[in-house]
Amino acid sequence: MTHAFLFVFTLSFCCLFILRKVAKRIGLVDKPNARKHHQGIIPLIGGVSIFITFTISLLLFSTLERDVVLFLCCATILVITGVVDDRYDISFKLRLVIQAGVSLAMMLIGDKSLHSLGYLMGSEAIQLSPIASGLITIFAVIGAINAFNMVDGIDGLLGGLASVTFGALGYLFFLDGNTDLAMVCALLVTAMLPYILLNLGFPLGRRFKVFMGDAGSIFIGFTVIWLLIEATQVEQSTPIRPVTALWLIALPLMDMATIMVRRMRKGQSPFKPDREHLHHICQRIGMTSNMSLFVICLAASIMAGIGIWSDVMRVDESIMFASFLAVFAVYFVVISYIWKITTWVHKLFGRSGPLQMNTEEQQPITK
C-alpha cells in the first residue's frame, strides 16, 4: 500500500497549492489582530485540503458502505460550516446547533452512539438508557469538535496532536486486526503531513504558509469522535475500551475543560476566545513556539502511550479512570495557579521581576 500513501501525500500537497490561490481570491484568509499575532495574510485552507484529500482517498481505497457515506455527508456539512465561519465569523450558537444536528444524524441514521461507558466504576458495565445515551453522545461530539478547535493555537500544534491521536487509534485498530480502520487512520496522518510542513514553514519558508482554519479543526475533532465511537461501542468486539479513549485525547480534552471553567469563573462565555490556553501559557513562561509544540505533543504522546499500554495489558478500567481523573485534577490545579507556581520557582532559583512574554509569541499563530 506504499503507492496509496505516496498518492495521498502528493494529492494533499497539490490541494494546498491550488487552494492557496483560491483562498486569496475569495478572502478566505486570516489577518493579524489584537488576539492573532501572526505576520501577513495567511490562507485558511489546511483543513479543506485535508478533507478533500481524505474524501478522495476513501472513495478510491475503501468500499462505499453506508457508514462511509454517512460520515462523508456529516463531515461535509461541518466543513462547509467551518469555511463559512472562517470567512464570515458566524455565531457560536449556530455552530453548536449544526454540530448537535450532525450528532442526531449519527445516532438516528447510522446508529452511532455512546451506549456503554465500560467498567468505569467496578465490576459492572455502565449501560446508558436511550435518553442518556443520546444526550451524552451529543455532548461528546460537540466536546471533541471544540476540544480540537480550541487547541489550534500555535504552528503545528493541531496537526501534531491529531497525528498522536490518529496514530494511537490506528495502532490499536491494527492490534485488534481491524486493518481497514487502521488504514483510515494512517491515511489521515499522511494527508495531514503536507499541511504540517507548510504550516511550520518547511521546506518552502513562510511565503507558502497556510493555516488549518476552523473547517479543519472541526473536521479533525469530528473524525476523532466518530472513530472513538466506532472503536468503543461495537457490540461484537471493541478494539479499545471506553476509558482508553479518554487517554488518547487527554490533552485537548483537559485544555478545553480547564479553559472553559476559568472563563465561566470570570463571568464570561465559555466560548469566548482568549490567549490563556496551554500553548499561550507555555510561551509566556519563556518557551519558544517550537519548544511549546514539542513539550505539548510529547505530553500528549505519553498520555496516549499510557492509554495504549493499559488497554493492551488490560489494566482494570476503574483504576485507569481514577488515574485519568487524578491527572486531570493535577493539570487543572497547575494551570489555574501557574503564575504563582512560576513566581515561586523564579524566587527559589534567584530570578526576580515579572514574567515576560517570549518574543516568539509574536510569530504566526494558527487560530
# chains A, B, ... in the order shown; residues from 1 in each chain; ligands from 1
>>> select_by_dssp(residues="region 61-194 of chain A", states="alpha helix (DSSP H)", output="short mmCIF file (atom, residue, chain, number, x, y, z; two decimals) with C-alpha atoms, in the first residue's frame")
data_model
loop_
_atom_site.label_atom_id
_atom_site.label_comp_id
_atom_site.auth_asym_id
_atom_site.auth_seq_id
_atom_site.Cartn_x
_atom_site.Cartn_y
_atom_site.Cartn_z
CA PHE A 61 -9.26 2.92 -1.33
CA ARG A 66 -23.45 3.08 4.47
CA ASP A 67 -21.24 4.25 7.32
CA VAL A 68 -18.71 5.80 4.94
CA VAL A 69 -21.42 7.71 3.07
CA LEU A 70 -22.95 8.98 6.31
CA PHE A 71 -19.56 10.03 7.65
CA LEU A 72 -18.74 11.96 4.48
CA CYS A 73 -22.16 13.66 4.47
CA CYS A 74 -21.84 14.74 8.11
CA ALA A 75 -18.23 15.83 7.63
CA THR A 76 -19.15 17.84 4.53
CA ILE A 77 -21.81 19.77 6.47
CA LEU A 78 -19.33 20.54 9.24
CA VAL A 79 -16.53 21.55 6.87
CA ILE A 80 -18.84 23.90 4.96
CA THR A 81 -19.91 25.40 8.30
CA GLY A 82 -16.26 25.85 9.22
CA VAL A 83 -15.44 27.53 5.91
CA VAL A 84 -18.36 29.95 6.32
CA ASP A 85 -17.21 30.65 9.88
CA ASP A 86 -13.64 31.26 8.70
CA ARG A 87 -14.90 33.71 6.08
CA TYR A 88 -17.73 35.49 7.89
CA PHE A 92 -21.02 30.05 18.08
CA LYS A 93 -24.66 29.26 18.92
CA LEU A 94 -25.38 28.46 15.28
CA ARG A 95 -22.27 26.31 15.13
CA LEU A 96 -23.43 24.37 18.20
CA VAL A 97 -26.89 23.81 16.67
CA ILE A 98 -25.32 22.41 13.49
CA GLN A 99 -22.97 20.18 15.50
CA ALA A 100 -25.91 18.89 17.55
CA GLY A 101 -27.82 18.22 14.32
CA VAL A 102 -24.93 16.19 12.94
CA SER A 103 -24.84 14.25 16.22
CA LEU A 104 -28.52 13.38 15.81
CA ALA A 105 -27.89 12.23 12.24
CA MET A 106 -25.11 9.95 13.51
CA MET A 107 -27.48 8.37 16.02
CA LEU A 108 -30.70 8.19 14.02
CA ILE A 109 -29.28 7.19 10.63
CA GLY A 110 -26.05 5.44 11.47
CA PRO A 130 -31.64 5.72 25.28
CA ILE A 131 -32.17 9.28 26.53
CA ALA A 132 -28.88 9.37 28.46
CA SER A 133 -27.08 7.79 25.50
CA GLY A 134 -28.41 10.47 23.16
CA LEU A 135 -27.52 13.36 25.43
CA ILE A 136 -24.04 12.08 26.21
CA THR A 137 -23.37 11.37 22.52
CA ILE A 138 -24.32 14.93 21.55
CA PHE A 139 -22.17 16.27 24.39
CA ALA A 140 -19.26 14.05 23.31
CA VAL A 141 -19.44 15.09 19.64
CA ILE A 142 -19.64 18.80 20.48
CA GLY A 143 -16.92 18.38 23.10
CA ALA A 144 -14.48 16.61 20.77
CA ILE A 145 -15.05 19.10 17.95
CA ASN A 146 -14.46 22.10 20.19
CA ALA A 147 -11.55 20.50 22.06
CA PHE A 148 -9.55 20.20 18.85
CA ASN A 149 -10.81 23.58 17.65
CA MET A 150 -9.62 25.33 20.81
CA LEU A 157 0.06 22.02 17.25
CA LEU A 158 -3.30 20.85 15.92
CA GLY A 159 -1.65 18.67 13.29
CA GLY A 160 0.75 17.25 15.87
CA LEU A 161 -1.91 16.42 18.45
CA ALA A 162 -4.22 14.98 15.78
CA SER A 163 -1.37 12.81 14.48
CA VAL A 164 -0.76 11.50 18.01
CA THR A 165 -4.45 10.59 18.43
CA PHE A 166 -4.90 9.04 14.98
CA GLY A 167 -1.58 7.22 15.27
CA ALA A 168 -2.56 5.71 18.62
CA LEU A 169 -6.01 4.78 17.33
CA GLY A 170 -4.55 3.21 14.20
CA TYR A 171 -2.13 1.14 16.27
CA LEU A 172 -4.93 -0.18 18.49
CA PHE A 173 -7.09 -0.96 15.44
CA PHE A 174 -4.12 -2.84 13.94
CA LEU A 175 -3.58 -4.87 17.13
CA THR A 179 -6.80 -3.30 9.17
CA ASP A 180 -9.45 -1.21 7.38
CA LEU A 181 -9.79 1.36 10.17
CA ALA A 182 -6.05 1.20 10.86
CA MET A 183 -5.58 2.15 7.21
CA VAL A 184 -8.05 5.03 7.59
CA CYS A 185 -6.01 6.44 10.49
CA ALA A 186 -2.77 6.07 8.53
CA LEU A 187 -4.26 7.85 5.51
CA LEU A 188 -5.44 10.69 7.74
CA VAL A 189 -1.99 11.23 9.20
CA THR A 190 -0.48 11.10 5.70
CA ALA A 191 -2.99 13.67 4.44
CA MET A 192 -2.06 15.99 7.32
CA LEU A 193 1.72 15.82 6.82
CA PRO A 194 1.94 18.35 3.92
#
>>> closest_atom_pairs(of="region 40-125 of chain A", to="region 310-319 of chain A", cutoff="7 Å", atoms="only C-alpha atoms", output="JSON lines")
{"residue": "A:Tyr119", "atom": "CA", "partner": "A:Glu317", "partner_atom": "CA", "distance": 5.7}
{"residue": "A:Leu120", "atom": "CA", "partner": "A:Ser318", "partner_atom": "CA", "distance": 4.4}
{"residue": "A:Met121", "atom": "CA", "partner": "A:Ser318", "partner_atom": "CA", "distance": 5.3}
{"residue": "A:Gly122", "atom": "CA", "partner": "A:Ser318", "partner_atom": "CA", "distance": 5.7}
>>> write_last_selection(atoms="N, CA and C atoms", output="short mmCIF file (atom, residue, chain, number, x, y, z; two decimals), in the first residue's frame")
data_model
loop_
_atom_site.label_atom_id
_atom_site.label_comp_id
_atom_site.auth_asym_id
_atom_site.auth_seq_id
_atom_site.Cartn_x
_atom_site.Cartn_y
_atom_site.Cartn_z
N TYR A 119 -16.45 -0.43 32.24
CA TYR A 119 -16.41 -0.76 33.68
C TYR A 119 -15.68 0.34 34.45
N LEU A 120 -16.18 1.56 34.34
CA LEU A 120 -15.51 2.69 34.96
C LEU A 120 -15.61 2.66 36.49
N MET A 121 -16.69 2.07 37.00
CA MET A 121 -16.95 2.13 38.44
C MET A 121 -16.78 0.79 39.15
N GLY A 122 -16.29 -0.22 38.46
CA GLY A 122 -16.13 -1.50 39.13
C GLY A 122 -16.40 -2.68 38.22
#
>>> atom_distance(atom1="CA of Cys297 (chain A)", atom2="CA of His279 (chain A)")
10.6 Å
>>> closest_residue(among="A:Asp176, A:Asp255, A:Asp155, A:Asp111", to="Val210 (chain A)", atoms="only C-alpha atoms")
A:Asp155
>>> residues_around(residues="Val334 (chain A)", least_positions_apart="6", cutoff="12 Å", atoms="only C-alpha atoms", output="list in words")
Met254, Asp255, Thr258, Leu278, Ile281, Val327, Phe328, Lys340, Ile341 and Thr342 of chain A
>>> write_last_selection(atoms="N, CA, C and O atoms", output="PDB file, in the first residue's frame")
ATOM      1  N   MET A 254      -8.507  18.075  28.382  1.00  0.00           N
ATOM      2  CA  MET A 254      -8.181  18.781  29.621  1.00  0.00           C
ATOM      3  C   MET A 254      -8.045  20.278  29.390  1.00  0.00           C
ATOM      4  O   MET A 254      -8.506  21.093  30.205  1.00  0.00           O
ATOM      5  N   ASP A 255      -7.410  20.649  28.288  1.00  0.00           N
ATOM      6  CA  ASP A 255      -7.230  22.064  27.990  1.00  0.00           C
ATOM      7  C   ASP A 255      -8.581  22.747  27.797  1.00  0.00           C
ATOM      8  O   ASP A 255      -8.813  23.842  28.323  1.00  0.00           O
ATOM      9  N   THR A 258     -10.516  22.956  31.242  1.00  0.00           N
ATOM     10  CA  THR A 258      -9.893  23.912  32.150  1.00  0.00           C
ATOM     11  C   THR A 258     -10.161  25.349  31.726  1.00  0.00           C
ATOM     12  O   THR A 258     -10.531  26.198  32.550  1.00  0.00           O
ATOM     13  N   LEU A 278      -3.098  26.367  26.998  1.00  0.00           N
ATOM     14  CA  LEU A 278      -1.828  25.789  27.425  1.00  0.00           C
ATOM     15  C   LEU A 278      -0.668  26.293  26.571  1.00  0.00           C
ATOM     16  O   LEU A 278       0.404  26.619  27.093  1.00  0.00           O
ATOM     17  N   ILE A 281       0.262  29.777  27.578  1.00  0.00           N
ATOM     18  CA  ILE A 281       0.939  29.771  28.877  1.00  0.00           C
ATOM     19  C   ILE A 281       2.391  29.318  28.721  1.00  0.00           C
ATOM     20  O   ILE A 281       3.305  29.890  29.318  1.00  0.00           O
ATOM     21  N   VAL A 327      -4.881  12.772  37.082  1.00  0.00           N
ATOM     22  CA  VAL A 327      -4.027  13.561  36.188  1.00  0.00           C
ATOM     23  C   VAL A 327      -4.733  14.857  35.805  1.00  0.00           C
ATOM     24  O   VAL A 327      -4.122  15.937  35.773  1.00  0.00           O
ATOM     25  N   PHE A 328      -6.022  14.759  35.531  1.00  0.00           N
ATOM     26  CA  PHE A 328      -6.813  15.946  35.171  1.00  0.00           C
ATOM     27  C   PHE A 328      -6.827  16.948  36.325  1.00  0.00           C
ATOM     28  O   PHE A 328      -6.683  18.162  36.121  1.00  0.00           O
ATOM     29  N   LYS A 340       1.481  31.745  40.081  1.00  0.00           N
ATOM     30  CA  LYS A 340       2.017  31.677  41.444  1.00  0.00           C
ATOM     31  C   LYS A 340       3.143  30.646  41.516  1.00  0.00           C
ATOM     32  O   LYS A 340       4.157  30.866  42.185  1.00  0.00           O
ATOM     33  N   ILE A 341       2.961  29.532  40.808  1.00  0.00           N
ATOM     34  CA  ILE A 341       3.972  28.468  40.820  1.00  0.00           C
ATOM     35  C   ILE A 341       5.263  28.953  40.173  1.00  0.00           C
ATOM     36  O   ILE A 341       6.367  28.760  40.712  1.00  0.00           O
ATOM     37  N   THR A 342       5.140  29.608  39.016  1.00  0.00           N
ATOM     38  CA  THR A 342       6.343  30.075  38.320  1.00  0.00           C
ATOM     39  C   THR A 342       7.042  31.188  39.092  1.00  0.00           C
ATOM     40  O   THR A 342       8.271  31.261  39.101  1.00  0.00           O
TER      41      THR A 342
END
>>> atom_distance(atom1="CA of Arg263 (chain A)", atom2="CA of Cys282 (chain A)")
18.6 Å
